[in-house]
Amino acid sequence: MKLIISSVSGEPIYEQIKDQIRAAVLSGELAAGEALPSLRKLAKELRISVLTVTRAYNELADEGIVENIQGKGTFVMSQGTELMKRRARTRIKRIFDETCTAAKAADIPLLDLMTMLEESYKDQS
Amino acid sequence: MRAVLSSFRLDMARIGVLSGGNLVPLLIPILFAVIFSLASKGSSADFGTGGVVGSTFGVCSILPMTAFTYEWQEGHRRMNGMIPVGRAHQVVGRYLTLPVFAALMSAEIAVALGLNVLISYGDLSRMPAMLSAALPGCVWGYLALQLVMFPMLYRWTNVRKATMAFCGLFLVVFAVLMAVLTLVPEPTLDMMAQWCVDALATPAVGVGLGLGSLALVVAISLPVAIRTYRGKEL
Amino acid sequence: MTTTLPMALSVTGTTKHYNSGFTLDDITFDLPAGYIMGLIGPNGAGKSTLIKLILNMIRRDAGRIQVLGLDAVGYEEAVKEQLGVVFDTSYFVDTWSVNKVERVMRGMYRTWHADLFDGYLRRFGLDRGKKVKELSRGMQMKLMLAVALSHDARLLILDEPTSGLDVLARDELMDILAAYIEDGERSVLFSTHITADLERAADFITYITRGELYFTGPKDEFEDSFRIVKAGLDLLDRLPAKACVGMHRYSTGFDALVRTENLPLWPADQIVVEPASIDDIIRLTNVGRPSPEEV
């Protein structure tokens, strides 16, 4: 699993870890049931504090994306992916609502909007 | 027990008996013995004995004290603070170095005198008599001196102050002695002196008195040293 | 059943008065086992005094200190058996060779891992034949570290180990410390005034200044509880008294250290807000509040 931490990005390190783990779960890179790297091993390799990694793992567990099993490690929950997909859908719905409001205010027709969406989607791949 | 031995070994390692710096002064009395006996060949070599004993005594007196001088430096105080040896055990361990140095001194005296005698007289037949005359008193004096110095070196972390305290003590002893000699009537003094001579003439009694008196000194010196060191801030 | 975290180090209400007038006053903090705690503060703040108290080198006037569950005074020998200590200067006799250092130190401890020590010598590039005085300061520190890591110590105490070390050596030290606590049972107390080393790797921070405990707790919480506010000098006159903890003024504006909860006291549109680093916090908590006369 790839994890890149930036000390200058301004975003707290534990947030960066959470974001990247969520992304890995979503993309399938981290499969359901798979173990996250050992907390302390990760802290050592990234040269960050153990508490910071602990916080990231704990908050992900609170969100239901991973599960901490005492003595065994931290594992991706099977519904982790679905949870994340649901979250992504909610977020996208909100963005679409905003987009539509902005489009209507600027008199942009639906078809144009869909073309713009298609372009963005294709650009990303 | 383990801690005491650790501390003993540490002090011995710090003093570094066999290291180059110490070896030279240790060899000087032997050198002196050889030179003196060569130079005075034919005349009485007994005067050399005093020089040998005195110089060996002097060199060996300094050795246990170097364990203290290290501690007067910050770095070494820290070492004393971090090793798994409590204060009392550290003191006992240091006291254990005394028999070692007394033995070292005795060995050196034996060697130096042996060479002296060999060069002057050609054989070692005199040795047992010389050694039995020189060594006991020497060892007793050495140990008594160190046992009195140790608590002072724990108390005053400064050679000058410790030595002055020591001299002060000797002045007191001297004053007491003078008081005894002037105030006690002469016949009593003669009787006491005769008693001493008779007692010491018997080896068993002499040894007994020697050991007994040393034990007494240790019984005072050790607890004082421990209490002093315990109260110290490193 | 709830289990309380085992504490590697527990300092409670510890006080020490010096005749000079300096007092280390009522210090209380805990270091849970398995973590790295940075003991920070400016020079003369009392960090070294605290370490001396833990090592029972000086006597405390009040309070209690427990190391690995044992009283630091009552069980001194058992405690120090499990303690690895690294100071800023070497404590060995400087005419000893590295080899002799091992011979002396292995006799001090019940367990000694010659293979580990050897491994560290090789990793640090320490030559067994070299005398301590021939080693550079950084190498002397590494020698103390090698000793500290070779006798099953469960708490490492480092007192200003990195002053005089270059960035590479300091980096390597942090790597070693991270590996040391990896088992979750061993802990590190790292006293330093060079906080760059702790910015990422420290789990807990205990901040002492002028003999007093300013903060103890998770490092993230420490940093999170402050912000750096930057603004123009014109804002100075209109500041409420409690607005900031300390500030640094310069010709074109000022940097102020502000407690996060006090941020609303500032006019949001006239300031730039940034996260505070450990360095920022130490620097600005020792500057003191601005007073009208200072302008």
# chains A, B, ... in the order shown; residues from 1 in each chain; ligands from 1
>>> select_by_dssp(residues="range 32-105 of chain A", states="strand (DSSP E)", output="PDB file with C-alpha atoms, in the first residue's frame")
ATOM      1  CA  VAL A  66     -11.687  -0.573   9.478  1.00  0.00           C
ATOM      2  CA  GLU A  67     -11.856  -2.652  12.617  1.00  0.00           C
ATOM      3  CA  ASN A  68      -9.308  -2.818  15.444  1.00  0.00           C
ATOM      4  CA  ILE A  69      -8.915  -6.350  16.729  1.00  0.00           C
ATOM      5  CA  GLY A  73      -4.212  -5.739  14.125  1.00  0.00           C
ATOM      6  CA  THR A  74      -6.452  -3.478  12.108  1.00  0.00           C
ATOM      7  CA  PHE A  75      -8.501  -4.921   9.250  1.00  0.00           C
ATOM      8  CA  VAL A  76     -10.551  -3.428   6.482  1.00  0.00           C
TER       9      VAL A  76
END
>>> interface_residues(of="chain A", to="chain C", cutoff="8 Å", atoms="only C-alpha atoms", output="compact mmCIF listing (two decimals) with N, CA and C atoms, in the first residue's frame")
# COMPACT_ATOMS: atom_id res chain seq x y z
N GLY A 10 0.17 21.28 5.27
CA GLY A 10 -0.77 22.05 6.08
C GLY A 10 -1.87 21.18 6.65
N ARG A 40 2.64 0.34 14.73
CA ARG A 40 3.97 0.80 15.10
C ARG A 40 4.95 0.70 13.95
N LYS A 41 4.75 -0.32 13.12
CA LYS A 41 5.65 -0.47 11.99
C LYS A 41 5.46 0.71 11.04
N ALA A 43 4.35 3.69 11.84
CA ALA A 43 4.89 4.89 12.48
C ALA A 43 6.40 4.95 12.30
N LYS A 44 7.03 3.79 12.45
CA LYS A 44 8.48 3.75 12.33
C LYS A 44 8.90 4.09 10.90
N ARG A 47 8.30 7.59 10.01
CA ARG A 47 8.97 8.44 10.98
C ARG A 47 8.00 9.45 11.59
N ILE A 48 6.84 8.95 11.99
CA ILE A 48 5.91 9.82 12.68
C ILE A 48 5.52 9.18 14.00
N SER A 49 4.82 9.97 14.82
CA SER A 49 4.52 9.47 16.16
C SER A 49 3.48 8.36 16.12
N VAL A 50 3.65 7.41 17.04
CA VAL A 50 2.75 6.28 17.14
C VAL A 50 1.32 6.75 17.42
N LEU A 51 1.22 7.78 18.26
CA LEU A 51 -0.11 8.29 18.62
C LEU A 51 -0.85 8.83 17.40
N THR A 52 -0.10 9.45 16.49
CA THR A 52 -0.72 10.00 15.30
C THR A 52 -1.33 8.89 14.46
>>> residues_around(residues="range 114-125 of chain A", least_positions_apart="3", cutoff="12 Å", atoms="only C-alpha atoms", output="list in words")
Phe96, Thr99, Cys100, Ala103, Ile108, Pro109, Leu110 and Leu111 of chain A
>>> atom_distance(atom1="CA of Asn116 in chain B", atom2="CA of Ala39 in chain B")
10.7 Å
>>> residues_around(residues="Phe68 in chain B", least_positions_apart="4", cutoff="8 Å", atoms="only C-alpha atoms", output="ChimeraX atom specification")
/B:64,72,153-154,157
>>> write_last_selection(atoms="N, CA and C atoms", output="PDB file, in the first residue's frame")
ATOM      1  N   PRO B  64      44.223   4.703  45.535  1.00  0.00           N
ATOM      2  CA  PRO B  64      42.786   4.651  45.829  1.00  0.00           C
ATOM      3  C   PRO B  64      42.132   6.023  45.716  1.00  0.00           C
ATOM      4  N   TRP B  72      35.038  13.871  40.874  1.00  0.00           N
ATOM      5  CA  TRP B  72      34.922  15.315  41.008  1.00  0.00           C
ATOM      6  C   TRP B  72      34.682  15.952  39.662  1.00  0.00           C
ATOM      7  N   LEU B 153      37.417  12.321  51.938  1.00  0.00           N
ATOM      8  CA  LEU B 153      37.363  12.528  50.497  1.00  0.00           C
ATOM      9  C   LEU B 153      35.921  12.501  49.996  1.00  0.00           C
ATOM     10  N   TYR B 154      35.055  11.789  50.694  1.00  0.00           N
ATOM     11  CA  TYR B 154      33.648  11.831  50.332  1.00  0.00           C
ATOM     12  C   TYR B 154      33.038  13.162  50.724  1.00  0.00           C
ATOM     13  N   THR B 157      35.126  17.419  48.344  1.00  0.00           N
ATOM     14  CA  THR B 157      35.479  16.965  46.995  1.00  0.00           C
ATOM     15  C   THR B 157      36.591  17.825  46.419  1.00  0.00           C
TER      16      THR B 157
END
